[in-house]
Structures are given as C-alpha cells and as structure tokens.
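This is input28.txt (compact mmCIF, C-alpha atoms and all ligand atoms).
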```txt
# COMPACT_ATOMS: atom_id res chain seq x y z
CA MET A 139 15.02 -16.42 0.00
CA GLY A 140 14.21 -12.68 -0.15
CA ILE A 141 10.84 -11.23 0.87
CA ILE A 142 9.63 -10.79 -2.73
CA ASP A 143 10.30 -14.43 -3.62
CA ARG A 144 8.51 -15.52 -0.43
CA ILE A 145 5.51 -13.37 -1.31
CA LYS A 146 5.47 -14.74 -4.88
CA GLN A 147 5.48 -18.25 -3.48
CA LYS A 148 2.51 -17.34 -1.31
CA ALA A 149 0.65 -15.78 -4.27
CA ARG A 150 1.07 -18.98 -6.32
CA GLN A 151 -0.45 -21.15 -3.61
CA ASN A 152 -3.95 -19.70 -4.04
CA LEU A 153 -4.43 -17.76 -7.27
CA ARG A 154 -6.35 -14.50 -6.92
CA LYS A 155 -7.92 -12.31 -9.64
CA ILE A 156 -6.14 -8.97 -9.97
CA VAL A 157 -7.45 -6.15 -12.18
CA LEU A 158 -5.08 -3.74 -13.95
CA PRO A 159 -7.00 -0.61 -15.06
CA GLU A 160 -4.09 0.77 -17.10
CA GLY A 161 -4.45 -2.17 -19.51
CA GLU A 162 -3.40 -0.34 -22.67
CA GLU A 163 -0.06 0.76 -21.20
CA ARG A 164 3.13 -0.96 -22.42
CA ARG A 165 4.69 -1.98 -19.08
CA THR A 166 1.32 -3.15 -17.79
CA ILE A 167 0.74 -5.39 -20.83
CA GLN A 168 4.25 -6.87 -20.53
CA ALA A 169 3.83 -7.40 -16.77
CA ALA A 170 0.41 -9.05 -17.26
CA ALA A 171 1.98 -11.63 -19.59
CA ILE A 172 4.71 -12.41 -17.03
CA VAL A 173 2.26 -12.66 -14.13
CA GLN A 174 0.10 -15.05 -16.12
CA ALA A 175 3.07 -17.13 -17.31
CA GLU A 176 4.53 -17.38 -13.78
CA ARG A 177 1.05 -18.17 -12.36
CA LEU A 178 1.25 -15.41 -9.75
CA ALA A 179 -2.36 -14.33 -10.29
CA ASP A 180 -5.17 -14.35 -12.82
CA VAL A 181 -4.98 -10.98 -14.53
CA ILE A 182 -7.76 -8.81 -15.94
CA LEU A 183 -6.70 -5.96 -18.23
CA LEU A 184 -9.06 -3.02 -18.73
CA GLY A 185 -9.12 -1.15 -22.04
CA ASP A 186 -9.87 -1.52 -25.73
CA GLU A 187 -9.26 -5.16 -26.67
CA ASN A 188 -8.00 -4.35 -30.20
CA VAL A 189 -5.52 -1.80 -28.89
CA ILE A 190 -4.30 -4.16 -26.15
CA ARG A 191 -3.89 -7.11 -28.53
CA GLU A 192 -2.10 -5.03 -31.17
CA ARG A 193 0.30 -3.66 -28.59
CA ALA A 194 0.86 -7.08 -27.03
CA ALA A 195 1.82 -8.46 -30.46
CA GLU A 196 4.20 -5.54 -30.96
CA TYR A 197 5.87 -6.17 -27.56
CA GLY A 198 5.85 -9.96 -27.94
CA ALA A 199 3.61 -10.37 -24.87
CA ASP A 200 1.49 -13.54 -24.75
CA LEU A 201 -1.95 -12.67 -23.38
CA GLN A 202 -3.33 -16.21 -23.38
CA GLY A 203 -5.56 -16.76 -20.35
CA ILE A 204 -5.86 -13.04 -19.61
CA ASP A 205 -9.33 -11.47 -19.53
CA ILE A 206 -9.74 -8.14 -21.27
CA ILE A 207 -12.69 -5.90 -20.44
CA ASN A 208 -13.51 -2.58 -22.08
CA PRO A 209 -15.34 -0.36 -19.55
CA LEU A 210 -16.71 1.73 -22.45
CA THR A 211 -18.73 -1.19 -23.82
CA ALA A 212 -19.05 -3.62 -20.89
CA GLU A 213 -22.64 -4.43 -19.91
CA LYS A 214 -21.61 -4.73 -16.27
CA ALA A 215 -20.90 -0.98 -16.29
CA LEU A 216 -24.64 -0.34 -15.93
CA THR A 217 -24.82 -2.40 -12.73
CA TYR A 218 -21.67 -0.76 -11.40
CA ALA A 219 -23.10 2.68 -12.16
CA GLU A 220 -26.21 1.91 -10.10
CA GLN A 221 -24.09 0.59 -7.24
CA LEU A 222 -21.72 3.55 -7.42
CA TYR A 223 -24.66 5.95 -7.32
CA GLU A 224 -26.03 4.21 -4.20
CA LEU A 225 -22.61 4.39 -2.53
CA ARG A 226 -21.95 8.05 -3.33
CA LYS A 227 -25.39 9.68 -3.64
CA ASN A 228 -24.98 11.34 -0.25
CA LYS A 229 -21.83 12.96 -1.69
CA GLY A 230 -23.87 14.65 -4.40
CA ILE A 231 -23.27 12.43 -7.42
CA THR A 232 -26.17 11.95 -9.85
CA PRO A 233 -27.04 8.69 -11.67
CA GLU A 234 -25.71 10.30 -14.90
CA LYS A 235 -22.41 11.19 -13.25
CA ALA A 236 -22.07 7.65 -11.84
CA GLY A 237 -22.71 6.33 -15.37
CA GLN A 238 -19.84 8.45 -16.72
CA MET A 239 -17.49 7.60 -13.86
CA VAL A 240 -17.67 3.83 -14.31
CA ARG A 241 -16.56 4.19 -17.96
CA ASP A 242 -13.24 5.40 -16.52
CA PRO A 243 -11.09 2.26 -16.14
CA MET A 244 -9.86 3.38 -12.70
CA TYR A 245 -13.42 3.55 -11.31
CA TYR A 246 -14.52 0.45 -13.24
CA GLY A 247 -11.62 -1.50 -11.69
CA ILE A 248 -12.38 -0.22 -8.20
CA MET A 249 -16.04 -1.24 -8.64
CA MET A 250 -14.94 -4.73 -9.74
CA VAL A 251 -13.01 -5.08 -6.49
CA LYS A 252 -15.79 -3.56 -4.41
CA GLN A 253 -18.32 -6.03 -5.86
CA GLY A 254 -16.00 -9.05 -5.59
CA ASP A 255 -15.54 -9.47 -9.37
CA ALA A 256 -11.80 -9.04 -8.77
CA ASP A 257 -9.82 -9.71 -5.57
CA GLY A 258 -7.47 -6.76 -5.86
CA LEU A 259 -6.26 -3.91 -8.07
CA VAL A 260 -2.88 -2.50 -9.15
CA SER A 261 -2.58 0.88 -10.84
CA GLY A 262 -0.35 3.96 -10.95
CA ALA A 263 2.00 3.41 -13.91
CA VAL A 264 0.04 6.25 -15.56
CA HIS A 265 -2.10 7.77 -12.78
CA SER A 266 -0.57 9.89 -10.00
CA THR A 267 -0.73 8.49 -6.46
CA GLY A 268 -3.55 10.88 -5.54
CA ASP A 269 -5.64 9.98 -8.62
CA MET A 270 -5.20 6.29 -7.88
CA LEU A 271 -5.85 6.57 -4.15
CA ARG A 272 -8.90 8.84 -4.17
CA PRO A 273 -11.35 6.40 -5.83
CA ALA A 274 -9.98 3.55 -3.69
CA LEU A 275 -10.52 5.57 -0.51
CA GLN A 276 -13.95 6.80 -1.59
CA ILE A 277 -15.32 3.41 -2.61
CA ILE A 278 -13.37 0.52 -1.06
CA LYS A 279 -12.99 2.35 2.28
CA THR A 280 -11.16 1.18 5.39
CA LYS A 281 -11.11 -2.28 6.96
CA PRO A 282 -13.51 -2.72 9.87
CA GLY A 283 -11.85 -1.33 13.00
CA MET A 284 -9.43 0.88 10.99
CA LYS A 285 -9.99 4.60 10.63
CA THR A 286 -7.29 5.35 8.09
CA VAL A 287 -5.69 3.89 5.03
CA SER A 288 -1.93 4.28 4.95
CA SER A 289 1.10 2.51 3.48
CA SER A 290 4.02 0.37 4.50
CA PHE A 291 7.18 0.07 2.46
CA LEU A 292 8.92 -3.28 2.63
CA ILE A 293 12.59 -2.35 2.81
CA GLU A 294 15.18 -5.05 2.28
CA SER A 295 18.60 -3.76 3.30
CA PRO A 296 21.90 -5.39 2.38
CA ASN A 297 22.72 -4.94 6.10
CA ARG A 298 21.34 -8.22 7.49
CA ALA A 299 21.83 -7.03 11.07
CA LEU A 300 18.87 -4.66 10.70
CA GLY A 301 15.27 -5.70 11.43
CA GLU A 302 14.43 -9.27 10.44
CA ASP A 303 17.53 -10.36 8.55
CA GLY A 304 17.61 -7.00 6.72
CA LEU A 305 13.83 -6.68 6.28
CA VAL A 306 12.26 -3.59 7.90
CA LEU A 307 8.83 -1.99 7.30
CA PHE A 308 8.64 1.82 6.91
CA ALA A 309 5.26 3.53 7.45
CA ASP A 310 3.69 5.74 6.21
CA CYS A 311 5.69 6.86 3.18
CA ALA A 312 2.89 7.37 0.62
CA VAL A 313 -0.56 8.36 1.86
CA MET A 314 -1.17 10.66 4.84
CA PRO A 315 0.64 13.98 4.51
CA ASN A 316 0.27 15.15 8.13
CA PRO A 317 -1.32 12.52 10.40
CA THR A 318 -2.81 13.46 13.76
CA ALA A 319 -1.62 11.55 16.84
CA GLU A 320 -4.60 9.22 16.48
CA GLU A 321 -3.91 8.63 12.79
CA LEU A 322 -0.23 8.01 13.55
CA ALA A 323 -1.27 5.38 16.10
CA CYS A 324 -3.48 3.75 13.43
CA ILE A 325 -0.53 3.72 11.01
CA ALA A 326 1.64 1.99 13.66
CA VAL A 327 -0.95 -0.71 14.38
CA ALA A 328 -1.67 -1.27 10.67
CA ALA A 329 2.05 -1.57 9.87
CA ALA A 330 2.44 -4.23 12.57
CA ASP A 331 -0.46 -6.08 10.95
CA THR A 332 1.23 -5.85 7.51
CA ALA A 333 4.46 -7.18 9.05
CA ARG A 334 2.59 -10.16 10.49
CA THR A 335 0.20 -11.03 7.69
CA LEU A 336 2.16 -10.18 4.55
CA CYS A 337 5.77 -10.61 5.69
CA ASP A 338 5.24 -13.46 8.19
CA ILE A 339 7.10 -11.51 10.90
CA SER A 340 5.82 -13.27 14.02
CA GLU A 341 6.98 -10.53 16.41
CA PRO A 342 6.60 -7.02 14.98
CA ARG A 343 8.59 -4.53 17.07
CA VAL A 344 7.30 -1.05 16.29
CA ALA A 345 9.25 2.18 16.83
CA LEU A 346 7.53 5.56 16.53
CA LEU A 347 10.31 7.80 15.27
CA SER A 348 11.17 11.37 16.16
CA PHE A 349 14.20 13.63 16.52
CA SER A 350 13.93 12.98 20.27
CA THR A 351 14.31 9.82 22.38
CA LYS A 352 12.18 9.49 25.51
CA GLY A 353 11.91 13.20 26.20
CA SER A 354 15.45 14.20 25.22
CA ALA A 355 13.90 17.17 23.39
CA SER A 356 10.64 19.00 23.97
CA HIS A 357 8.63 20.33 21.07
CA GLU A 358 5.03 20.04 19.90
CA LEU A 359 6.19 17.64 17.15
CA VAL A 360 7.68 15.36 19.80
CA THR A 361 4.52 15.59 21.91
CA LYS A 362 2.49 14.36 18.94
CA VAL A 363 4.64 11.23 18.64
CA GLN A 364 4.40 10.63 22.42
CA GLN A 365 0.61 10.92 22.22
CA ALA A 366 0.50 8.59 19.23
CA THR A 367 2.55 6.01 21.15
CA ALA A 368 0.12 6.14 24.08
CA ILE A 369 -2.92 5.78 21.77
CA ALA A 370 -1.31 2.87 19.89
CA HIS A 371 -0.64 1.12 23.23
CA GLU A 372 -4.34 1.42 24.03
CA MET A 373 -5.36 0.18 20.57
CA ALA A 374 -3.04 -2.86 20.67
CA PRO A 375 -1.84 -3.51 24.23
CA GLU A 376 -0.17 -6.81 23.24
CA LEU A 377 2.01 -5.18 20.57
CA LEU A 378 5.74 -4.54 21.22
CA LEU A 379 5.75 -0.83 20.50
CA ASP A 380 7.69 2.15 21.80
CA GLY A 381 8.25 5.85 21.17
CA GLU A 382 9.37 8.42 20.79
CA LEU A 383 12.69 7.05 19.53
CA GLN A 384 15.39 8.45 17.27
CA LEU A 385 16.28 6.25 14.32
CA ASP A 386 19.62 5.15 15.81
CA ALA A 387 18.01 4.32 19.15
CA ALA A 388 15.42 2.26 17.27
CA VAL A 389 17.78 0.08 15.25
CA VAL A 390 21.27 0.06 16.85
CA PRO A 391 21.29 -2.21 19.94
CA GLU A 392 24.01 -0.33 21.92
CA ILE A 393 22.44 3.07 21.25
CA GLY A 394 18.98 1.74 22.06
CA GLN A 395 20.23 0.42 25.37
CA MET A 396 21.95 3.69 26.19
CA LYS A 397 19.14 6.07 25.15
CA ALA A 398 16.08 3.96 26.01
CA PRO A 399 17.07 1.34 28.60
CA GLY A 400 14.37 -1.24 29.26
CA SER A 401 12.51 -0.53 26.02
CA PRO A 402 11.06 -3.69 24.42
CA VAL A 403 11.78 -2.25 20.99
CA ALA A 404 14.81 0.06 21.10
CA GLY A 405 17.80 -1.29 19.19
CA ARG A 406 15.82 -4.06 17.49
CA ALA A 407 12.84 -2.45 15.79
CA ASN A 408 11.59 -4.10 12.60
CA VAL A 409 8.75 -1.62 11.93
CA LEU A 410 9.62 2.09 11.73
CA VAL A 411 6.80 4.65 11.91
CA PHE A 412 7.66 8.11 10.57
CA PRO A 413 6.02 11.19 12.08
CA ASP A 414 4.73 12.54 8.75
CA LEU A 415 4.83 11.95 5.01
CA GLN A 416 7.76 14.28 4.33
CA ALA A 417 9.96 12.31 6.75
CA GLY A 418 8.64 8.94 5.56
CA ASN A 419 8.87 9.57 1.84
CA ILE A 420 12.34 11.15 2.05
CA GLY A 421 13.46 8.45 4.49
CA TYR A 422 12.61 5.50 2.27
CA LYS A 423 14.15 7.14 -0.79
CA LEU A 424 17.35 7.77 1.19
CA VAL A 425 17.81 4.11 2.09
CA GLN A 426 16.86 3.08 -1.44
CA ARG A 427 19.25 5.46 -3.21
CA PHE A 428 22.11 5.80 -0.72
CA GLY A 429 21.85 2.42 0.98
CA ASN A 430 21.01 0.22 -2.03
CA ALA A 431 17.95 -1.14 -0.26
CA MET A 432 15.05 -2.72 -2.16
CA ALA A 433 11.81 -0.83 -1.49
CA VAL A 434 8.27 -1.80 -2.42
CA ALA A 435 5.03 -0.19 -1.24
CA VAL A 436 1.77 -1.71 -0.03
CA LEU A 437 -1.46 -0.04 1.07
CA GLN A 438 -2.75 -1.09 4.48
CA GLY A 439 -5.93 -0.49 6.44
CA ILE A 440 -8.00 -0.70 3.23
CA ALA A 441 -10.92 -3.16 3.11
CA LYS A 442 -9.66 -4.90 -0.05
CA PRO A 443 -6.16 -4.86 -1.51
CA CYS A 444 -5.40 -2.05 -3.95
CA ASN A 445 -1.83 -0.99 -4.60
CA ASP A 446 -0.20 1.98 -6.20
CA LEU A 447 2.80 2.00 -8.55
CA SER A 448 5.26 4.77 -9.14
CA ARG A 449 4.91 6.32 -12.61
CA GLY A 450 8.60 5.51 -13.11
CA CYS A 451 7.99 1.81 -12.37
CA SER A 452 9.56 -1.01 -14.36
CA VAL A 453 7.80 -4.11 -15.72
CA ASP A 454 9.33 -6.07 -12.81
CA ASP A 455 7.94 -3.57 -10.29
CA ILE A 456 4.44 -4.18 -11.67
CA VAL A 457 4.88 -7.97 -11.53
CA THR A 458 6.04 -7.69 -7.90
CA THR A 459 3.16 -5.41 -6.92
CA VAL A 460 0.61 -7.74 -8.53
CA ALA A 461 2.10 -10.66 -6.57
CA ILE A 462 1.93 -8.66 -3.33
CA THR A 463 -1.68 -7.68 -4.02
CA ALA A 464 -2.57 -11.30 -4.73
CA ALA A 465 -0.90 -12.42 -1.49
CA GLN A 466 -2.76 -9.70 0.46
CA ALA A 467 -6.03 -10.90 -1.07
CA GLN A 468 -5.65 -14.41 0.36
C1 LIG B 501 -4.71 10.29 -0.01
C2 LIG B 501 -5.14 11.55 -0.73
C3 LIG B 501 -5.18 11.28 -2.22
C4 LIG B 501 -6.53 11.96 -0.30
O1 LIG B 501 -6.92 12.95 -1.20
P1 LIG B 501 -7.82 14.21 -0.81
O2 LIG B 501 -7.96 15.05 -2.00
O3 LIG B 501 -7.29 14.77 0.44
O4 LIG B 501 -9.13 13.47 -0.62
P2 LIG B 501 -10.34 13.92 0.26
O5 LIG B 501 -9.90 14.54 1.55
O6 LIG B 501 -11.26 14.67 -0.62
O7 LIG B 501 -10.92 12.50 0.59
C5 LIG B 501 -11.54 11.67 -0.38
C6 LIG B 501 -12.14 10.54 0.39
O8 LIG B 501 -11.11 9.70 0.88
C7 LIG B 501 -11.18 9.59 2.29
N1 LIG B 501 -9.80 9.59 2.78
C8 LIG B 501 -8.84 10.49 2.55
N2 LIG B 501 -7.68 10.09 3.12
C9 LIG B 501 -7.95 8.91 3.74
C10 LIG B 501 -7.18 7.98 4.48
N3 LIG B 501 -5.89 8.16 4.69
N4 LIG B 501 -7.78 6.87 4.94
C11 LIG B 501 -9.08 6.63 4.71
N5 LIG B 501 -9.88 7.47 4.00
C12 LIG B 501 -9.31 8.60 3.52
C13 LIG B 501 -11.96 10.79 2.76
O9 LIG B 501 -12.58 10.52 3.98
C14 LIG B 501 -12.93 10.98 1.63
O10 LIG B 501 -13.99 10.07 1.74
P3 LIG B 501 -15.49 10.53 1.38
O11 LIG B 501 -15.40 11.18 0.00
O12 LIG B 501 -16.27 9.25 1.36
O13 LIG B 501 -15.91 11.49 2.43
C15 LIG B 501 -4.18 12.73 -0.40
O14 LIG B 501 -4.02 12.80 0.97
C16 LIG B 501 -2.84 12.62 -1.06
O15 LIG B 501 -2.67 13.07 -2.17
N6 LIG B 501 -1.84 12.06 -0.33
C17 LIG B 501 -0.46 12.04 -0.75
C18 LIG B 501 -0.25 11.08 -1.88
C19 LIG B 501 1.13 11.29 -2.44
O16 LIG B 501 1.32 12.16 -3.25
N7 LIG B 501 2.09 10.46 -1.98
C20 LIG B 501 3.46 10.61 -2.30
C21 LIG B 501 3.92 9.80 -3.44
S1 LIG B 501 4.16 8.08 -3.09
```

Would you mind writing the file out in structure tokens?
Amino acid sequence: MGIIDRIKQKARQNLRKIVLPEGEERRTIQAAAIVQAERLADVILLGDENVIRERAAEYGADLQGIDIINPLTAEKALTYAEQLYELRKNKGITPEKAGQMVRDPMYYGIMMVKQGDADGLVSGAVHSTGDMLRPALQIIKTKPGMKTVSSSFLIESPNRALGEDGLVLFADCAVMPNPTAEELACIAVAAADTARTLCDISEPRVALLSFSTKGSASHELVTKVQQATAIAHEMAPELLLDGELQLDAAVVPEIGQMKAPGSPVAGRANVLVFPDLQAGNIGYKLVQRFGNAMAVAVLQGIAKPCNDLSRGCSVDDIVTTVAITAAQAQ
C-alpha cells in the first residue's frame, strides 16, 4: 500500500474536523463531498451557503453532513475578532482591523483552528503560498521547542531501492527562502519528526545536502551546511543525521561508502534536507516531472496542522491534503 493510502487509513481511524476556507471554489466543493463520503474527515466549508449549495448542485457534489459557515454573518466572528486583537495588538492592529480581518475566510479559518473549533485547515487552491502561510505563521505559530515552520514533501519514487521502499522526504521545498544554519538544523529535525509521526518511518536517516561531500569543496555555502549539521546533532543527538553530503552520496550505497565511509546515513538516506528553497523547490519538481515521482507537501513545526495547496491542484490533491491534515491532527 502506498503512503497516501496508509495516511488515509490513519485519518479514518479517528475523524478530525478540517476547515476549508476556500469553500466557494469548485475543486474545494467537489473534494469536500469526496472527503465526507469516504469518511476521511469532517469538513467545514467557509463561504456563502447559497453560493456553495448552488455550485454543489451544479457539480453534482453531495454536501450532506458538511458544515457551512459564512464568516460575514457568523456570530462567532465577534469572539474571534476579540481574540485576534489580543493576539496581535502588540503588532499594531486595532479592534476595528481585527473585526475586518476575521470576516476574511482565511483568517476566520485560522482562528477556528487556533481556538480548537477545527483540528486543521487546508487552503491554497485560490490563495498564493505566501498569502496562505502568513496568517498561519502569525496566529498558529510554531510548536513548542520549534523555532521555525517549514515543509516536507513526501516523495514516492517508482524506484523502490530509494529511501523506504521508494518513499523519501524532501525538506524544505515550500517555506523558508534562505534559512540560516540554525534554521536549516530546525528543518532537518522537523523533517525527521514528520517521517516518524506521519509516515511511520521508525528510523529516519537524515542527509543535509550540498554540492560537497565531507569537505570535498570549500565555500561559504558548504560551511553553512556543515554548521547546520553540527547544530542539528546538538538538537537531536539520537537522530541518524549526516552532512554535508552530495545527493548521490546520500542515496546510492556504493557512492556513499566511497565518499563518506563510516557515515550512518550516506547511501541510505530517507530524509533529504536541501540547503535553500531554490534547491528544494527545483529539486522536488525535477523528480516529480522527470522521474514520475508522486509529491505531496506538508507543513511541519507548526503548532496545529495547516496545509497549503498548489493553485494548480486537482480535486484529488485536495482530498489527499485533507486526509494528511486529519492524520497530522491525531
Ligand atoms: C513564509 C513567508 C510567507 C513569510 O512571509 P513574510 O512576508 O516574510 O512574513 P514576515 O517576515 O512578515 O513574517 C510574518 C510572521 O510570520 C513569522 N514567520 C515568518 N516565517 C516563519 C517561519 N518559517 N517559521 C515561523 N514563523 C515565521 C514571522 O516571525 C512573523 O511573525 P510576527 O508577525 O508574529 O512577528 C515567506 O517567507 C514566503 O513567501 N516564503 C516562500 C513561499 C513560497 O512562495 N513558496 C514556494 C511555492 S511552494
């Protein structure tokens, strides 16, 4: 069974409430009906109920059992506005501004998650990554002990010799444009946690990637990855983690043995940490487009699960992301 089916199975075992702020959008409405029918989560759609119901009828989507909330008329918006003001008053927002913000479905949904009225949120079929992430980062914040929110991509390659039977995590490919050494270390530790908790990988083996292996090149970019490796070792001494490694040394056993003999990770890494967002984002798209790998993103290090979609996402992508968010919320 592939990773997505395993995660869906997990989601079904303990249903969580997932809010979809882009509730009037076609793919979101269709995905909500599938999620509800397959019992992957209890869905809440945000938006105008008449618009949502009309569109659902047009698309043949059955919304039975799905809650619909309109942030423009919901009474709860007043409570959320007060809470949002308390959370952000030191950032200069006024009570009036907070009142306006919570009428925006994105902020309303984030406040539902913050206050425990929903267990997780999925958005991004309409909003850009930045517009989805900013309210989540401002309000939900990081998990205790984590300084940064980042992402892992679950990559399932047709090459079963890689990672865990073809499953490898790539981090960070969506959030932090240019992480410091300390932030890179945080990304590495968070990705190992995602591997363990979401993907049931009992032994994450984390490689911090570079264009150099164990000092084969010297450059300030390489030094940053070496520093990040040292910091990550201090943060999680029990973790199997090594760097800096080139991609081939990380995943090909013979090359790992040749370039990094004695490494606990080289040649058999199942978590790959990219040095910055350009490398990570290009890297995952390369394996997806050239290598026919399945790729799906999750946010990590955040206090409650919120996940971003690509604006080009399909209905299936939304269903999968809701299931992942529900599994993370357990
Ligand atoms: C993540 C991102 C949206 C942050 O946006 P930004 O405009 O830099 O936001 P700011 O620096 O104003 O930060 C907003 C808040 O989020 C927090 N924040 C920003 N990045 C964070 C991170 N990685 N982890 C935790 N908190 C973070 C800030 O501390 C700030 O909190 P505060 O307002 O309480 O002080 C931005 O880095 C981004 O656009 N990243 C790339 C996204 C992208 O396009 N990905 C590629 C497509 S998949």

Self-check item: Selection within 9 Å of ligand LIG 501 (chain B) by only C-alpha atoms and all ligand atoms, output as a PyMOL selection string
Solution: chain A and resi 225-226+229+266-277+279-280+284-288+311-317+321+415-416+419+435+439-440+446-448

Quiz item: Please, what distance in Å, to one decimal, runs between atom CA of Arg164 of chain A and atom CA of Leu259 of chain A?
Solution: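 Those two atoms sit 17.4 Å apart.
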
Practice problem: Name the closest residue to Ile141 of chain A among the candidates A:Cys451, A:Val157, A:Val306, A:Leu410; distances are taken between atoms, counting only C-alpha atoms. | Solution: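 Looking only at the distances to Ile141 of chain A, the closest residue turns out to be A:Val306.
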
Quiz item: So which one's closest to Ala328 of chain A, A:Ala194, A:Asp257, A:Pro391, A:Val411? Using only C-alpha atoms, please.
Solution: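 Of A:Ala194, A:Asp257, A:Pro391, A:Val411, the one nearest Ala328 of chain A is A:Val411, counting only C-alpha atoms.
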
Exercise. State, in Å with one decimal place, the distance from atom CA of Leu437 of chain A to atom CA of Arg334 of chain A.
Key: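 Atom-to-atom, atom CA of Leu437 of chain A to atom CA of Arg334 of chain A, that is 14.4 Å.
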
Quiz prompt | Nearest to Ser452 of chain A, chosen from A:Gly262, A:Ala199, A:Ile204, A:Tyr422, with all atoms listed in the file counted in the distances | solution = A:Gly262

Practice problem: Go ahead and compute the interatomic distance for atom CA of Thr166 of chain A and atom CA of Lys423 of chain A, in Å to one decimal. | Solution: 23.7 Å

Dig up all the protein and nucleic acid residues within 7 Å of (7.1, 4.5, 15.6) in the file frame, using all atoms listed in the file, and format them as a JSON list (two decimals) with C-alpha atoms, in the coordinates of the input.
```
[["chain", "number", "residue", "atom", "x", "y", "z"],
["A", 326, "ALA", "CA", 1.64, 1.99, 13.66],
["A", 344, "VAL", "CA", 7.30, -1.05, 16.29],
["A", 345, "ALA", "CA", 9.25, 2.18, 16.83],
["A", 346, "LEU", "CA", 7.53, 5.56, 16.53],
["A", 347, "LEU", "CA", 10.31, 7.80, 15.27],
["A", 380, "ASP", "CA", 7.69, 2.15, 21.80],
["A", 381, "GLY", "CA", 8.25, 5.85, 21.17],
["A", 382, "GLU", "CA", 9.37, 8.42, 20.79],
["A", 410, "LEU", "CA", 9.62, 2.09, 11.73],
["A", 411, "VAL", "CA", 6.80, 4.65, 11.91],
["A", 412, "PHE", "CA", 7.66, 8.11, 10.57]]
```

Exercise. Step by step: start from the point (0.9, -12.6, -14.9) in the file's coordinates, keep every protein, DNA or RNA residue that has an atom no farther than 9 Å from it, count all atoms listed in the file, and write the set as a list in words.
Key: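 Using all atoms listed in the file, the matching residues come out as Gln168, Ala169, Ala170, Ala171, Ile172, Val173, Gln174, Ala175, Glu176, Arg177, Leu178, Ala179, Asp180, Val181, Leu201, Ile204, Val457, Val460 and Ala461 of chain A.
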
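Using all atoms listed in the file, the smallest distance between any of A:Ser289, A:Gln238, A:Thr217, A:Gln147 and Cys324 of chain A comes from A:Ser289.
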
Quiz item: A:Met432, A:Ile248, A:Ala219, A:Leu184: which is nearest Pro233 of chain A, counting only C-alpha atoms?
Solution: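 Among the listed residues, the smallest separation from Pro233 of chain A belongs to A:Ala219.
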
As a CSV table (one decimal) with C-alpha atoms, keeping the file's coordinate frame, please: the residues near Ser340 of chain A (cut-off 12 Å, all atoms listed in the file, same-chain neighbours under 6 positions excluded).
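For reference, result-v7.csv as written:
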```
chain,number,residue,atom,x,y,z
A,302,GLU,CA,14.4,-9.3,10.4
A,330,ALA,CA,2.4,-4.2,12.6
A,331,ASP,CA,-0.5,-6.1,11.0
A,332,THR,CA,1.2,-5.8,7.5
A,333,ALA,CA,4.5,-7.2,9.0
A,334,ARG,CA,2.6,-10.2,10.5
A,377,LEU,CA,2.0,-5.2,20.6
A,378,LEU,CA,5.7,-4.5,21.2
A,408,ASN,CA,11.6,-4.1,12.6
```

Quiz item: For Met139 of chain A, which residue among A:Gly450, A:Pro413, A:Gly394, A:Gly304 is the nearest when counting all atoms listed in the file?
Solution: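 Ranking A:Gly450, A:Pro413, A:Gly394, A:Gly304 by distance to Met139 of chain A, first place goes to A:Gly304.
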
Quiz prompt | All residues 10 Å or closer to Gly301 of chain A, all atoms listed in the file, same chain fewer than 4 positions away omitted, as number ranges by chain | solution = A: 293-295, 297, 305-307, 342-343, 388-390, 405-410

Residue rebuild result segment 270-282 of chain A, N, CA and C atoms as an mmCIF file, in the coordinates of the input:
```cif
data_model
loop_
_atom_site.group_PDB
_atom_site.id
_atom_site.type_symbol
_atom_site.label_atom_id
_atom_site.label_comp_id
_atom_site.auth_asym_id
_atom_site.auth_seq_id
_atom_site.Cartn_x
_atom_site.Cartn_y
_atom_site.Cartn_z
ATOM 1 N N MET A 270 -4.959 7.713 -8.085
ATOM 2 C CA MET A 270 -5.200 6.290 -7.880
ATOM 3 C C MET A 270 -5.861 6.069 -6.516
ATOM 4 N N LEU A 271 -5.368 6.818 -5.507
ATOM 5 C CA LEU A 271 -5.850 6.570 -4.150
ATOM 6 C C LEU A 271 -7.278 7.063 -3.912
ATOM 7 N N ARG A 272 -7.615 8.228 -4.496
ATOM 8 C CA ARG A 272 -8.900 8.840 -4.170
ATOM 9 C C ARG A 272 -10.076 7.904 -4.433
ATOM 10 N N PRO A 273 -10.220 7.323 -5.643
ATOM 11 C CA PRO A 273 -11.350 6.400 -5.830
ATOM 12 C C PRO A 273 -11.298 5.191 -4.893
ATOM 13 N N ALA A 274 -10.087 4.707 -4.602
ATOM 14 C CA ALA A 274 -9.980 3.550 -3.690
ATOM 15 C C ALA A 274 -10.479 3.942 -2.302
ATOM 16 N N LEU A 275 -10.103 5.127 -1.848
ATOM 17 C CA LEU A 275 -10.520 5.570 -0.510
ATOM 18 C C LEU A 275 -12.012 5.859 -0.470
ATOM 19 N N GLN A 276 -12.524 6.441 -1.564
ATOM 20 C CA GLN A 276 -13.950 6.800 -1.590
ATOM 21 C C GLN A 276 -14.850 5.577 -1.639
ATOM 22 N N ILE A 277 -14.403 4.523 -2.306
ATOM 23 C CA ILE A 277 -15.320 3.410 -2.610
ATOM 24 C C ILE A 277 -14.979 2.139 -1.814
ATOM 25 N N ILE A 278 -13.728 1.775 -1.759
ATOM 26 C CA ILE A 278 -13.370 0.520 -1.060
ATOM 27 C C ILE A 278 -13.402 0.757 0.459
ATOM 28 N N LYS A 279 -12.942 1.956 0.863
ATOM 29 C CA LYS A 279 -12.990 2.350 2.280
ATOM 30 C C LYS A 279 -12.040 1.529 3.164
ATOM 31 N N THR A 280 -12.095 1.830 4.469
ATOM 32 C CA THR A 280 -11.160 1.180 5.390
ATOM 33 C C THR A 280 -11.686 -0.188 5.848
ATOM 34 N N LYS A 281 -10.747 -0.987 6.344
ATOM 35 C CA LYS A 281 -11.110 -2.280 6.960
ATOM 36 C C LYS A 281 -11.922 -2.001 8.208
ATOM 37 N N PRO A 282 -12.809 -2.926 8.611
ATOM 38 C CA PRO A 282 -13.510 -2.720 9.870
ATOM 39 C C PRO A 282 -12.486 -2.527 11.003
#
```
